[in-house]
4 protein chains.
Amino acid sequence: MAQPAPYKWFFETTTAFEGHFHALTRTLFSLRTTFQQMEILETASYGKCLVLDGRIQSSVTDDFIYHETLVHPAMLLHSRPEAALVIGGGEGATLREILRYPTIHRAVMVDIDQAVVEACIAHLPEMHRGAFQDPRVELRHEDARGYLERTRERFDVAIVDLTEPLEEGPACLLFTREFYRLLADRLTDAGTLALQAGMTKIGELPFYTAMARTLGDVFPVVAPYQSFIPCFGTPWGFIVAAKADDPRALTDAAVDQRVRERVTGDLGFYDGQAHRHMFSLPRFLRQAIAANDRVITDAEPMIVR
Amino acid sequence: MAQPAPYKWFFETTTAFEGHFHALTRTLFSLRTTFQQMEILETASYGKCLVLDGRIQSSVTDDFIYHETLVHPAMLLHSRPEAALVIGGGEGATLREILRYPTIHRAVMVDIDQAVVEACIAHLPEMHRGAFQDPRVELRHEDARGYLERTRERFDVAIVDLTEPLEEGPACLLFTREFYRLLADRLTDAGTLALQAGMTKIGELPFYTAMARTLGDVFPVVAPYQSFIPCFGTPWGFIVAAKADDPRALTDAAVDQRVRERVTGDLGFYDGQAHRHMFSLPRFLRQAIAANDRVITDAEPMIVR
Amino acid sequence: MAQPAPYKWFFETTTAFEGHFHALTRTLFSLRTTFQQMEILETASYGKCLVLDGRIQSSVTDDFIYHETLVHPAMLLHSRPEAALVIGGGEGATLREILRYPTIHRAVMVDIDQAVVEACIAHLPEMHRGAFQDPRVELRHEDARGYLERTRERFDVAIVDLTEPLEEGPACLLFTREFYRLLADRLTDAGTLALQAGMTKIGELPFYTAMARTLGDVFPVVAPYQSFIPCFGTPWGFIVAAKADDPRALTDAAVDQRVRERVTGDLGFYDGQAHRHMFSLPRFLRQAIAANDRVITDAEPMIVR
Amino acid sequence: MAQPAPYKWFFETTTAFEGHFHALTRTLFSLRTTFQQMEILETASYGKCLVLDGRIQSSVTDDFIYHETLVHPAMLLHSRPEAALVIGGGEGATLREILRYPTIHRAVMVDIDQAVVEACIAHLPEMHRGAFQDPRVELRHEDARGYLERTRERFDVAIVDLTEPLEEGPACLLFTREFYRLLADRLTDAGTLALQAGMTKIGELPFYTAMARTLGDVFPVVAPYQSFIPCFGTPWGFIVAAKADDPRALTDAAVDQRVRERVTGDLGFYDGQAHRHMFSLPRFLRQAIAANDRVITDAEPMIVR
C-alpha cells in the first residue's frame with residue numbers, strides 16, 4: 001500500500017509574485033480573534049507552526065533560530081539586564097529566551113491579543129516551555145503604545161516582536177519614530193532594544209531599511225542584522241538599537257564568554273560565530289540601508305505591500 | 001482595466017514537503033538536450049532564470065550573489081592564480097568572475113552539455129557577458145572526470161559548479177572521494193578549489209555535510225560556507241578546499257585589500273564583511289558538519305533525495 | 001480588519017498534467033487505516049468531504065448528485081427490488097438512497113474498511129443520515145469477492161461503489177470480467193447493477209470504456225451514463241448492467257412516475273429529465289465506447305494511471 | 001535520464017475558494033491589448049489555449065465541444081438561416097461553425113479587440129480554419145452595442161460569445177435587458193439567438209439564472225442548456241432565445257436529420273443525443289432558474305464575482 005503524496009498544502013506569498021508552500025499534516029487550532037485570524041498548523045517539514053492572518057510566525061523546528069536571533073544580541077549587549085519588556089511575542093518564546101538570564105527579575109509582556117496568547121499557552125508548550133508561569137513575568141493584554149504612555153517603569157531591554165503592518169490601522173503606530181521615541185524614553189540609560197523588522201530578501205528591502213533609518217533618528221546606535229529563518233523561506237531582518245554600546249564591537253570571544261557566563265541552558269543557533277554571521281551584511285544590503293532616506297512617522301506610516 | 005493577478009507559476013520543490021513558486025512571465029527557451037531538460041524562463045521577481053530538470057540554477061537578478069560566493073573565496077585565497085578550471089558552470093557566469101582577475105592567463109571550462117552552453121550564450125548574455133569570447137578561455141564539452149584523467153595540465157584554482165546528483169548515473173562520479181583525489185592531483189601545490197554543495201537548510205544537511213567530510217579525506221584545508229540565494233529560497237552551501245591556506249584565516253581587511261588589488265570591476269555581494277558572513281556558521285550547522293561521518297565514494301555514491 | 005485570502009488548500013490531480021484545488025477550512029479527521037489513508041476535510045466550497053488516499057470521494061454539498069446518479073437508475077429499472085447489495089460505499093449514502101424504497105427489506109453492505117465506515121458514521125451524519133441503524137441493513141467488513149463466493153443470497157439490485165484500482169493488489173480483482181460473472185450469478189433473474197466507473201473527461205476514457213466493454217461480456221444490457229460531480233471537477237462515468245430491461249428505454253414520464261410511486265422523500269438531482277441527461281451521451285464518448293476492445297480480466301487487470 | 005515532473009503550471013480560480021491547474025508546456029504569444037491581457041498558452045492536457053485576463057477561453061482539444069454547443073442549437077432551430085451575427089468570438093471558431101451552413105450567405109462578426117482576433121488568426125489556425133477568409137464574412141472591430149444601434153441589417157441568427165463582465169465597465173452593457181431588446185430588434189421574425197452565459201456549477205448559478213430571467217423579458221422562448229467543457233473544469237451554461245420555435249421541442253431524430261441535411265462536415269460533439277443531453281437539466285438547476293427573479297438592466301448591471 002503506497003503512501004499518497006501530500007495533498008494538503010499551506011501556501012504563503014512573500015510578494016505578489018513569489019511564495020513558498022508546505023505540506024500540511026494537521027490543523028490543530030483555528031480562531032478568528034478580535035484582531036486577526038490565528039491558526040496552529042502542523043506541517044510535515046517544520047511541525048507545529050503559529051500562523052496569523054495566513055503568515056507563518058514561527059515553527060517548533062526553527063523557532064530557536066528566530067528567537068535566539070531576536071533576543072540575545074540585545075540582552076548580551078546590556079551589562080546587567082534586570083527588567084525587560086516584550087511587545088508582542090505571543091508564543092512566549094521571546095519571553096522564554098529572556099528568562100534564561102538569572103539577572104532578570106522582571107519581564108513585562110504586552111500583547112494585545114489575549115486569545116492568541118492563550119491558544120499558544122494551550123497548544124504550543126514546546127515554544128513557551130512554561131515561561132508564562134515564571135513569577136518574574138507580568139502579562140498584559142492592551143495596546144503597547146497606550147501602555148508605554150502610561151507606565152512609569154523603566155526597562156533595561158525591550159524586544160519588539162510584532163507583525164509588520166499589512167493594512168492601515170493602529171498597528172501602524174507601533175512602527176513610527178514617535179513610538180520609538182516613547183519606547184526610548186522608557187529605557188534605562190544603557191538600555192537596549194531589538195526588533196524584528198521584515199524580510200531582507202533582495203528587492204524587498206523598503207520596510208527594513210526604513211526601520212533602520214527611523215531608529216537612527218532616535219538612538220545613537222543602530223545595528224541591523226539578519227538570519228535566515230527556514231520556515232519563512234527568506235532571510236529575516238532584525239535591528240538592535242541602543243543608547244550606549246554597539247553589538248558589532250563585540251568580538252566572537254566576548255560573545256561566547258557572555259553566553260557562557262550569563263545564559264542558562266544551551267543555545268542551538270547563537271554564539272560568537274553566529275553573532276559575526278548575523279551582523280556581517282552583504283554589500284548590496286549595506287548599500288540599500290545607506291541609500292534609504294524614508295523615515296516612518298505617525299503622519300506618514302508605512303504599510304508593508 | 002485591472003491587471004489580472006499572476007496565473008502562470010513556476011513551482012519548485014525543495015523537499016517532498018516544501019517548495020517555492022514564482023510568477024512566470026515568459027518561457028524564452030526550452031530544449032530537451034542529451035542530458036537534461038533545459039529552459040530559460042522569465043519570472044516576475046527574478047527576471048530570466050536558467051532551469052535544468054525543473055530546478056532553478058541561477059537568475060539574472062541574483063546571479064551575482066551565487067557566482068561571487070562560489071568564485072572569489074577560492075580565487076583570492078590563492079596568492080596568484082594563473083590557470084583556472086571550471087567544471088560545469090554552463091551559464092558562463094562562473095567563468096566571468098574568474099576572468100575578472102588579470103593574473104589569469106588560462107581558463108578551461110569543461111561542461112558536458114554543449115546545448116545548454118550554447119543556449120546560455122544566445123539567451124543569457126547578462127550572465128556570461130562575453131566570457132566565452134575571452135581569448136584566455138578554452139571551452140570543452142566532455143565528461144569532466146575523463147578530462148581530468150587525460151589532461152596533463154595543472155590548475156591553480158578549480159571551481160566545481162555542478163548540479164547535485166538526483167538519480168544514479170555518471171554524474172554521481174563527480175561527487176566522490178576518488179573524483180576529488182583526481183582533481184587534487186591536477187591542482188598546483190598551493191591549489192584551491194571551491195564547489196557548490198547543496199542546500200544548508202536545517203533538516204536538509206546530509207549531502208552538504210557528507211561533501212565536507214569527503215573532501216576532508218583529500219585536502220588539508222576544508223572550509224564550509226554558505227550564502228542565501230534568493231531565487232532558491234534557501235541558503236546554499238559551498239566549500240573551499242585547499243592544499244595550503246585557510247580562507248577563514250583572512251581578516252575582513254585582508255579580503256577587502258585583495259579584492260581591491262586583484263579584481264577588476266565592482267562586486268555587488270562579496271567583500272570582507274560578506275566573507276565573514278559566509279564563513280561564520282551557526283551552531284547547528286557546525287554541529288551537523290562535525291557529526292557527519294559519511295564519506296562519498298565511487299562504490300557508495302550519494303543521491304540527493 | 002481584512003479577512004486573509006485562503007492559504008490552506010487541498011490539491012487533487014486528475015491526471016499527471018491537470019488537477020483542481022479547494023480552499024481548506026478544517027481537517028476534521030485523519031487516519032491511516034489498514035487499507036488506505038482517510039481524512040474528513042472541510043472545504044470552503046463543498047463543506048465536509050471524505051478523502052481516501054488523497055482523492056475526494058464525496059462532499060456534503062453535492063453527494064446527492066453522485067449518490068442519486070449511482071443508485072436510482074438501477075433501482076428504478078427493477079420492477080420491485082426487495083434485496084439489495086452494496087459493495088464499498090463507505091459513507092453510507094449509497095445505502096441511504098437504497099433505503100428510500102419501501103420495497104427493500106434487506107440491504108447488505110460489504111465494505112472491507114471498517115475504520116472508514118466507523119469514521120463516516122461518527123463524522124458524516126449528513127451523508128448516512130442514520131442508514132446504518134436501519135433494521136433492514138446488514139453491514140459486513142470483508143473482501144467483497146470472497147463474500148460473493150461464499151454467500152447463498154441472491155439480490156435484485158447491486159451497487160458497486162469502489163475506488164478504481166490505482167495500484168496492483170486485491171482491489172484490481174473487483175473490476176474484472178470474473179468478478180462481474182460472479183456478481184451476475186448472485187443477482188436474481190431480472191437483477192440490475194450499477195457501478196461508478198471512473199471519469200469521462202475527454203482523453204481519460206480508457207478505464208470507463210474498458211469497464212463498459214467488460215460488462216458487455218457478462219450482461220445482455222449495458223447502459224453507460226454520466227453526471228458532472230462538482231467536487232470532482234469532472235464528469236463521472238457510471239454504468240447500469242442488467243439481465244433484462246434497458247434504462248434507456250424508459251421515457252422521462254415513466255421515470256417521473258416511478259420516482260413518485262416508489263421513492264420516499266425528495267430527490268435533488270434525479271428525475272425523468274436528469275435520467276435523459278445522464279443517458280444521452282455526446283458523440284465522442286459514444287464513439288470511444290464503441291471503439292474500445294479491451295476486456296479487463298483477472299489475468300490482465302487494469303490499473304488506473 | 002528521467003523526465004522531470006511538470007513544474008510550470010497555469011492556475012485558474014473558478015471561485016475564490018476553488019480552481020483548477022494545468023501543466024504548461026509553452027507560452028506561444030502574450031500581449032496586453034487595449035482591452036485585456038491575452039495569451040496563447042500550450043498546456044500538456046489540452047494543447048494550445050486562448051487565455052484572456054487569466055481565464056481560459058478555449059483549447060484546441062475541446063473547442064469542438066464548446067463551439068458546437070454554442071452554435072448549432074440556435075442555427076438548426078431556424079428553418080433557413082441566411083444572415084448571421086457573431087458578437088465577440090475572437091478565435092473564429094464560432095464563425096467556423098456558422099460557415100458550415102451553405103444557406104448562410106452573410107456572417108458579420110463584431111469583436112471589439114482587433115489585436116486578439118489578429119493573434120488568433122496568426123497562432124490558432126486550428127480554431128478558425130480559415131473562417132476569416134471566407135467571402136461571406138464581414139469582420140468589424142467596434143463596440144457591439146454601438147454597432148447594433150447603427151446597423152440597419154437584420155439577422156436570422158445571432159451568437160453572443162463574450163466573456164462575462166468581471167468588473168464595472170462598458171462590457172456590462174452587453175448583458176442587460178436593454179442590450180437584448182436591441183439585439184432582438186435586429187433579428188428577423190423567426191430569429192434565434194444563443195449565448196454563453198457562465199458556469200452552471202452548483203453554488204455558482206446567480207449569473208446564469210439572471211441571464212435566463214433577463215432574456216425572458218425579451219423573448220417568448222428561452223431555453224437554457226449546458227455542456228461540460230473539459231478545459232474549464234466545470235459545466236458551462238448556454239441559452240437559446242428565440243422569437244418562435246423552442247429547441248426543446250425537437251426530437252433526437254429531427255436534430256439528427258437537420259444536421260445531416262444542413263451542416264457541412266462532421267461534428268464531434270453535437271447530434272440528437274447530445275441535444276437531448278444538453279437541454280435536459282438536473283432538478284436543482286431547473287429549480288434555481290425558476291427561483292431567480294433578478295433582471296439585469298443598464299441601471300443595475302451584474303458583475304460576476
# chains A, B, ... in the order shown; residues from 1 in each chain; ligands from 1

$ select_by_dssp --residues "range 197-265 of chain D" --states "helix (DSSP H, G or I)" --output "PyMOL selection string"
chain D and resi 206-216+230-232+247-249+252-262

$ interface_residues --of "chain C" --to "chain D" --cutoff "10 Å" --atoms "only C-alpha atoms" --output "JSON list (two decimals) with N, CA, C and O atoms, in the first residue's frame"
[["chain", "number", "residue", "atom", "x", "y", "z"],
["C", 5, "ALA", "N", -6.88, 36.08, 2.58],
["C", 5, "ALA", "CA", -7.24, 35.17, 1.49],
["C", 5, "ALA", "C", -6.94, 33.74, 1.93],
["C", 5, "ALA", "O", -6.13, 33.52, 2.82],
["C", 6, "PRO", "N", -7.63, 32.78, 1.32],
["C", 6, "PRO", "CA", -7.36, 31.39, 1.74],
["C", 6, "PRO", "C", -5.89, 31.02, 1.55],
["C", 6, "PRO", "O", -5.25, 31.45, 0.59],
["C", 7, "TYR", "N", -5.35, 30.26, 2.50],
["C", 7, "TYR", "CA", -3.93, 29.88, 2.39],
["C", 7, "TYR", "C", -3.72, 28.40, 2.65],
["C", 7, "TYR", "O", -2.61, 27.91, 2.58],
["C", 9, "TRP", "N", -4.86, 24.76, 1.22],
["C", 9, "TRP", "CA", -5.50, 24.26, 0.01],
["C", 9, "TRP", "C", -5.40, 22.74, -0.07],
["C", 9, "TRP", "O", -4.37, 22.15, 0.26],
["C", 10, "PHE", "N", -6.45, 22.15, -0.55],
["C", 10, "PHE", "CA", -6.44, 20.73, -0.94],
["C", 10, "PHE", "C", -6.19, 20.68, -2.44],
["C", 10, "PHE", "O", -6.89, 21.36, -3.21],
["C", 11, "PHE", "N", -5.19, 19.91, -2.83],
["C", 11, "PHE", "CA", -4.87, 19.76, -4.24],
["C", 11, "PHE", "C", -5.16, 18.31, -4.66],
["C", 11, "PHE", "O", -4.75, 17.38, -3.98],
["C", 12, "GLU", "N", -5.81, 18.16, -5.79],
["C", 12, "GLU", "CA", -6.03, 16.81, -6.32],
["C", 12, "GLU", "C", -5.70, 16.82, -7.81],
["C", 12, "GLU", "O", -6.25, 17.63, -8.56],
["C", 13, "THR", "N", -4.80, 15.95, -8.20],
["C", 13, "THR", "CA", -4.52, 15.82, -9.63],
["C", 13, "THR", "C", -5.55, 14.86, -10.22],
["C", 13, "THR", "O", -5.85, 13.82, -9.64],
["C", 14, "THR", "N", -6.09, 15.25, -11.37],
["C", 14, "THR", "CA", -6.95, 14.29, -12.06],
["C", 14, "THR", "C", -6.11, 13.48, -13.04],
["C", 14, "THR", "O", -6.38, 12.32, -13.27],
["C", 15, "THR", "N", -5.09, 14.10, -13.60],
["C", 15, "THR", "CA", -4.09, 13.36, -14.38],
["C", 15, "THR", "C", -2.73, 13.93, -13.93],
["C", 15, "THR", "O", -2.68, 14.80, -13.08],
["C", 16, "ALA", "N", -1.67, 13.45, -14.55],
["C", 16, "ALA", "CA", -0.34, 13.98, -14.20],
["C", 16, "ALA", "C", -0.20, 15.44, -14.61],
["C", 16, "ALA", "O", 0.70, 16.13, -14.15],
["C", 17, "PHE", "N", -1.10, 15.91, -15.46],
["C", 17, "PHE", "CA", -0.94, 17.24, -16.05],
["C", 17, "PHE", "C", -2.07, 18.20, -15.72],
["C", 17, "PHE", "O", -2.16, 19.28, -16.28],
["C", 18, "GLU", "N", -2.94, 17.79, -14.83],
["C", 18, "GLU", "CA", -4.14, 18.58, -14.61],
["C", 18, "GLU", "C", -4.71, 18.26, -13.24],
["C", 18, "GLU", "O", -4.58, 17.14, -12.75],
["C", 19, "GLY", "N", -5.36, 19.24, -12.63],
["C", 19, "GLY", "CA", -5.97, 18.96, -11.35],
["C", 19, "GLY", "C", -6.83, 20.11, -10.89],
["C", 19, "GLY", "O", -7.05, 21.07, -11.63],
["C", 20, "HIS", "N", -7.33, 19.98, -9.67],
["C", 20, "HIS", "CA", -8.14, 21.05, -9.11],
["C", 20, "HIS", "C", -7.77, 21.26, -7.66],
["C", 20, "HIS", "O", -7.11, 20.42, -7.04],
["C", 21, "PHE", "N", -8.19, 22.38, -7.12],
["C", 21, "PHE", "CA", -7.82, 22.72, -5.75],
["C", 21, "PHE", "C", -8.99, 23.41, -5.05],
["C", 21, "PHE", "O", -9.80, 24.06, -5.68],
["C", 22, "HIS", "N", -9.03, 23.20, -3.75],
["C", 22, "HIS", "CA", -10.13, 23.71, -2.94],
["C", 22, "HIS", "C", -9.56, 24.33, -1.68],
["C", 22, "HIS", "O", -8.68, 23.73, -1.04],
["C", 23, "ALA", "N", -10.07, 25.48, -1.30],
["C", 23, "ALA", "CA", -9.65, 26.08, -0.04],
["C", 23, "ALA", "C", -10.11, 25.19, 1.11],
["C", 23, "ALA", "O", -11.26, 24.78, 1.17],
["C", 24, "LEU", "N", -9.17, 24.88, 1.98],
["C", 24, "LEU", "CA", -9.41, 24.00, 3.12],
["C", 24, "LEU", "C", -9.77, 24.84, 4.34],
["C", 24, "LEU", "O", -9.04, 25.79, 4.66],
["C", 43, "THR", "N", -14.01, 21.81, 3.22],
["C", 43, "THR", "CA", -13.58, 22.78, 2.23],
["C", 43, "THR", "C", -14.56, 23.95, 2.22],
["C", 43, "THR", "O", -15.72, 23.81, 2.60],
["C", 44, "ALA", "N", -14.04, 25.10, 1.77],
["C", 44, "ALA", "CA", -14.89, 26.29, 1.75],
["C", 44, "ALA", "C", -16.04, 26.15, 0.77],
["C", 44, "ALA", "O", -17.15, 26.62, 1.02],
["C", 45, "SER", "N", -15.82, 25.48, -0.33],
["C", 45, "SER", "CA", -16.85, 25.39, -1.36],
["C", 45, "SER", "C", -17.85, 24.26, -1.12],
["C", 45, "SER", "O", -19.01, 24.39, -1.48],
["C", 46, "TYR", "N", -17.39, 23.14, -0.59],
["C", 46, "TYR", "CA", -18.23, 21.95, -0.56],
["C", 46, "TYR", "C", -18.50, 21.42, 0.84],
["C", 46, "TYR", "O", -19.14, 20.39, 0.98],
["C", 61, "THR", "N", -22.04, 18.77, 0.10],
["C", 61, "THR", "CA", -22.79, 19.69, -0.77],
["C", 61, "THR", "C", -23.32, 19.01, -2.02],
["C", 61, "THR", "O", -24.41, 19.32, -2.49],
["C", 62, "ASP", "N", -22.57, 18.10, -2.58],
["C", 62, "ASP", "CA", -23.01, 17.52, -3.85],
["C", 62, "ASP", "C", -23.12, 16.01, -3.80],
["C", 62, "ASP", "O", -23.25, 15.38, -4.84],
["C", 65, "ILE", "N", -25.90, 14.51, -5.79],
["C", 65, "ILE", "CA", -25.75, 14.29, -7.24],
["C", 65, "ILE", "C", -25.11, 12.93, -7.49],
["C", 65, "ILE", "O", -25.61, 12.12, -8.27],
["C", 200, "THR", "N", -15.16, 10.56, -17.11],
["C", 200, "THR", "CA", -15.48, 10.53, -18.54],
["C", 200, "THR", "C", -14.97, 11.78, -19.24],
["C", 200, "THR", "O", -15.52, 12.17, -20.27],
["C", 201, "LYS", "N", -13.93, 12.35, -18.72],
["C", 201, "LYS", "CA", -13.37, 13.52, -19.38],
["C", 201, "LYS", "C", -12.65, 13.09, -20.65],
["C", 201, "LYS", "O", -12.00, 12.05, -20.67],
["C", 202, "ILE", "N", -12.77, 13.92, -21.65],
["C", 202, "ILE", "CA", -12.11, 13.62, -22.92],
["C", 202, "ILE", "C", -10.62, 13.36, -22.68],
["C", 202, "ILE", "O", -9.98, 14.05, -21.91],
["C", 203, "GLY", "N", -10.13, 12.30, -23.30],
["C", 203, "GLY", "CA", -8.72, 11.97, -23.16],
["C", 203, "GLY", "C", -8.44, 11.05, -21.99],
["C", 203, "GLY", "O", -7.33, 10.53, -21.85],
["C", 227, "SER", "N", -22.60, 11.79, -14.96],
["C", 227, "SER", "CA", -23.04, 13.04, -14.34],
["C", 227, "SER", "C", -21.82, 13.86, -14.00],
["C", 227, "SER", "O", -20.77, 13.30, -13.65],
["C", 228, "PHE", "N", -21.95, 15.17, -14.07],
["C", 228, "PHE", "CA", -20.88, 16.03, -13.58],
["C", 228, "PHE", "C", -20.95, 16.08, -12.06],
["C", 228, "PHE", "O", -22.01, 16.39, -11.50],
["C", 229, "ILE", "N", -19.82, 15.76, -11.41],
["C", 229, "ILE", "CA", -19.76, 15.81, -9.95],
["C", 229, "ILE", "C", -18.93, 17.02, -9.57],
["C", 229, "ILE", "O", -17.72, 17.04, -9.79],
["C", 230, "PRO", "N", -19.56, 18.07, -9.04],
["C", 230, "PRO", "CA", -18.84, 19.33, -8.83],
["C", 230, "PRO", "C", -17.53, 19.19, -8.07],
["C", 230, "PRO", "O", -16.50, 19.72, -8.49],
["C", 231, "CYS", "N", -17.53, 18.46, -6.96],
["C", 231, "CYS", "CA", -16.29, 18.43, -6.16],
["C", 231, "CYS", "C", -15.21, 17.58, -6.82],
["C", 231, "CYS", "O", -14.07, 17.62, -6.38],
["C", 232, "PHE", "N", -15.54, 16.83, -7.86],
["C", 232, "PHE", "CA", -14.51, 16.11, -8.62],
["C", 232, "PHE", "C", -13.95, 17.00, -9.75],
["C", 232, "PHE", "O", -12.90, 16.69, -10.29],
["C", 233, "GLY", "N", -14.68, 18.00, -10.13],
["C", 233, "GLY", "CA", -14.23, 18.88, -11.21],
["C", 233, "GLY", "C", -14.26, 18.22, -12.57],
["C", 233, "GLY", "O", -13.62, 18.68, -13.51],
["C", 234, "THR", "N", -15.02, 17.18, -12.72],
["C", 234, "THR", "CA", -15.06, 16.44, -13.98],
["C", 234, "THR", "C", -16.35, 15.62, -14.02],
["C", 234, "THR", "O", -16.87, 15.24, -12.98],
["C", 235, "PRO", "N", -16.87, 15.35, -15.22],
["C", 235, "PRO", "CA", -18.00, 14.42, -15.30],
["C", 235, "PRO", "C", -17.52, 13.02, -14.92],
["C", 235, "PRO", "O", -16.36, 12.67, -15.17],
["C", 267, "LEU", "N", -35.97, 14.01, -4.13],
["C", 267, "LEU", "CA", -34.66, 13.92, -4.76],
["C", 267, "LEU", "C", -34.26, 15.32, -5.21],
["C", 267, "LEU", "O", -35.10, 16.12, -5.61],
["C", 268, "GLY", "N", -32.96, 15.59, -5.18],
["C", 268, "GLY", "CA", -32.48, 16.92, -5.56],
["C", 268, "GLY", "C", -31.97, 16.96, -6.98],
["C", 268, "GLY", "O", -31.93, 18.01, -7.62],
["C", 269, "PHE", "N", -31.56, 15.80, -7.48],
["C", 269, "PHE", "CA", -30.92, 15.77, -8.79],
["C", 269, "PHE", "C", -31.71, 14.96, -9.81],
["C", 269, "PHE", "O", -31.92, 15.38, -10.93],
["C", 270, "TYR", "N", -32.13, 13.80, -9.40],
["C", 270, "TYR", "CA", -32.63, 12.81, -10.35],
["C", 270, "TYR", "C", -34.12, 12.91, -10.58],
["C", 270, "TYR", "O", -34.91, 13.04, -9.64],
["C", 271, "ASP", "N", -34.51, 12.82, -11.85],
["C", 271, "ASP", "CA", -35.90, 12.64, -12.26],
["C", 271, "ASP", "C", -35.85, 12.29, -13.73],
["C", 271, "ASP", "O", -34.78, 11.94, -14.26],
["C", 272, "GLY", "N", -36.99, 12.36, -14.39],
["C", 272, "GLY", "CA", -37.02, 11.96, -15.80],
["C", 272, "GLY", "C", -36.06, 12.76, -16.65],
["C", 272, "GLY", "O", -35.33, 12.22, -17.50],
["C", 273, "GLN", "N", -36.05, 14.06, -16.42],
["C", 273, "GLN", "CA", -35.19, 14.90, -17.25],
["C", 273, "GLN", "C", -33.71, 14.63, -16.98],
["C", 273, "GLN", "O", -32.89, 14.58, -17.91],
["C", 274, "ALA", "N", -33.38, 14.44, -15.70],
["C", 274, "ALA", "CA", -31.99, 14.12, -15.37],
["C", 274, "ALA", "C", -31.60, 12.75, -15.94],
["C", 274, "ALA", "O", -30.47, 12.55, -16.40],
["C", 275, "HIS", "N", -32.54, 11.83, -15.92],
["C", 275, "HIS", "CA", -32.30, 10.49, -16.49],
["C", 275, "HIS", "C", -31.93, 10.63, -17.97],
["C", 275, "HIS", "O", -30.94, 10.05, -18.44],
["C", 276, "ARG", "N", -32.70, 11.42, -18.67],
["C", 276, "ARG", "CA", -32.43, 11.66, -20.09],
["C", 276, "ARG", "C", -31.04, 12.29, -20.26],
["C", 276, "ARG", "O", -30.25, 11.89, -21.11],
["C", 277, "HIS", "N", -30.78, 13.31, -19.43],
["C", 277, "HIS", "CA", -29.49, 13.99, -19.45],
["C", 277, "HIS", "C", -28.33, 13.00, -19.28],
["C", 277, "HIS", "O", -27.36, 13.01, -20.04],
["C", 278, "MET", "N", -28.46, 12.11, -18.32],
["C", 278, "MET", "CA", -27.35, 11.22, -17.98],
["C", 278, "MET", "C", -27.10, 10.15, -19.03],
["C", 278, "MET", "O", -25.96, 9.75, -19.26],
["C", 279, "PHE", "N", -28.18, 9.64, -19.59],
["C", 279, "PHE", "CA", -28.02, 8.52, -20.54],
["C", 279, "PHE", "C", -27.83, 8.98, -21.99],
["C", 279, "PHE", "O", -27.61, 8.16, -22.87],
["C", 280, "SER", "N", -27.96, 10.27, -22.23],
["C", 280, "SER", "CA", -27.70, 10.80, -23.58],
["C", 280, "SER", "C", -26.24, 11.23, -23.63],
["C", 280, "SER", "O", -25.86, 12.21, -23.00],
["C", 281, "LEU", "N", -25.45, 10.50, -24.36],
["C", 281, "LEU", "CA", -24.01, 10.74, -24.33],
["C", 281, "LEU", "C", -23.57, 11.50, -25.58],
["C", 281, "LEU", "O", -24.06, 11.23, -26.68],
["C", 282, "PRO", "N", -22.61, 12.39, -25.43],
["C", 282, "PRO", "CA", -22.10, 13.09, -26.62],
["C", 282, "PRO", "C", -21.41, 12.11, -27.57],
["C", 282, "PRO", "O", -20.94, 11.05, -27.16],
["C", 283, "ARG", "N", -21.35, 12.52, -28.82],
["C", 283, "ARG", "CA", -20.80, 11.66, -29.86],
["C", 283, "ARG", "C", -19.43, 11.09, -29.53],
["C", 283, "ARG", "O", -19.20, 9.89, -29.69],
["C", 284, "PHE", "N", -18.50, 11.95, -29.09],
["C", 284, "PHE", "CA", -17.13, 11.46, -28.90],
["C", 284, "PHE", "C", -17.07, 10.37, -27.82],
["C", 284, "PHE", "O", -16.25, 9.46, -27.90],
["C", 285, "LEU", "N", -17.98, 10.46, -26.87],
["C", 285, "LEU", "CA", -17.97, 9.46, -25.80],
["C", 285, "LEU", "C", -18.56, 8.14, -26.31],
["C", 285, "LEU", "O", -18.02, 7.06, -26.04],
["C", 286, "ARG", "N", -19.64, 8.24, -27.06],
["C", 286, "ARG", "CA", -20.20, 7.01, -27.65],
["C", 286, "ARG", "C", -19.18, 6.36, -28.58],
["C", 286, "ARG", "O", -19.02, 5.13, -28.60],
["C", 287, "GLN", "N", -18.49, 7.19, -29.34],
["C", 287, "GLN", "CA", -17.50, 6.63, -30.27],
["C", 287, "GLN", "C", -16.36, 5.94, -29.50],
["C", 287, "GLN", "O", -15.88, 4.89, -29.91]]

$ closest_residue --among "B:Leu95, B:Ala158, B:Glu142, B:Tyr101" --to "Gly130 in chain B" --atoms "only C-alpha atoms"
B:Leu95

$ residues_around --residues "range 293-296 of chain D" --least-positions-apart "3" --cutoff "6 Å" --atoms "only C-alpha atoms" --output "ChimeraX atom specification"
/D:176,210,214,301

$ closest_atom_pairs --of "range 174-249 of chain C" --to "range 77-92 of chain C" --cutoff "8 Å" --atoms "only C-alpha atoms" --output "Markdown table"
| residue | atom | partner | partner_atom | distance |
| --- | --- | --- | --- | --- |
| C:Ala190 | CA | C:His78 | CA | 6.9 |
| C:Gly191 | CA | C:His78 | CA | 6.9 |
| C:Thr192 | CA | C:His78 | CA | 6.5 |
| C:Asp245 | CA | C:Leu77 | CA | 6.9 |
| C:Asp246 | CA | C:Leu77 | CA | 7.5 |
| C:Pro247 | CA | C:Leu77 | CA | 6.0 |

$ write_last_selection --atoms "C-alpha atoms" --output "PDB file, in the first residue's frame"
ATOM      1  CA  ALA C 190     -34.276  -9.530 -13.559  1.00  0.00           C
ATOM      2  CA  GLY C 191     -31.394  -8.281 -11.455  1.00  0.00           C
ATOM      3  CA  THR C 192     -29.812  -4.914 -12.105  1.00  0.00           C
ATOM      4  CA  ASP C 245     -34.506  -4.295 -19.119  1.00  0.00           C
ATOM      5  CA  ASP C 246     -32.680  -1.302 -20.535  1.00  0.00           C
ATOM      6  CA  PRO C 247     -32.862   2.006 -18.611  1.00  0.00           C
TER       7      PRO C 247
END

$ atom_distance --atom1 "CA of Ala299 in chain D" --atom2 "CA of Thr163 in chain D"
20.0 Å

$ atom_distance --atom1 "CA of Ser59 in chain D" --atom2 "CA of Leu166 in chain C"
28.6 Å

$ residues_around --residues "Ala242 in chain A" --least-positions-apart "4" --cutoff "7 Å" --atoms "only C-alpha atoms" --output "PyMOL selection string"
chain A and resi 191-193+219-222

$ atom_distance --atom1 "CA of Val110 in chain C" --atom2 "CA of His141 in chain C"
5.7 Å
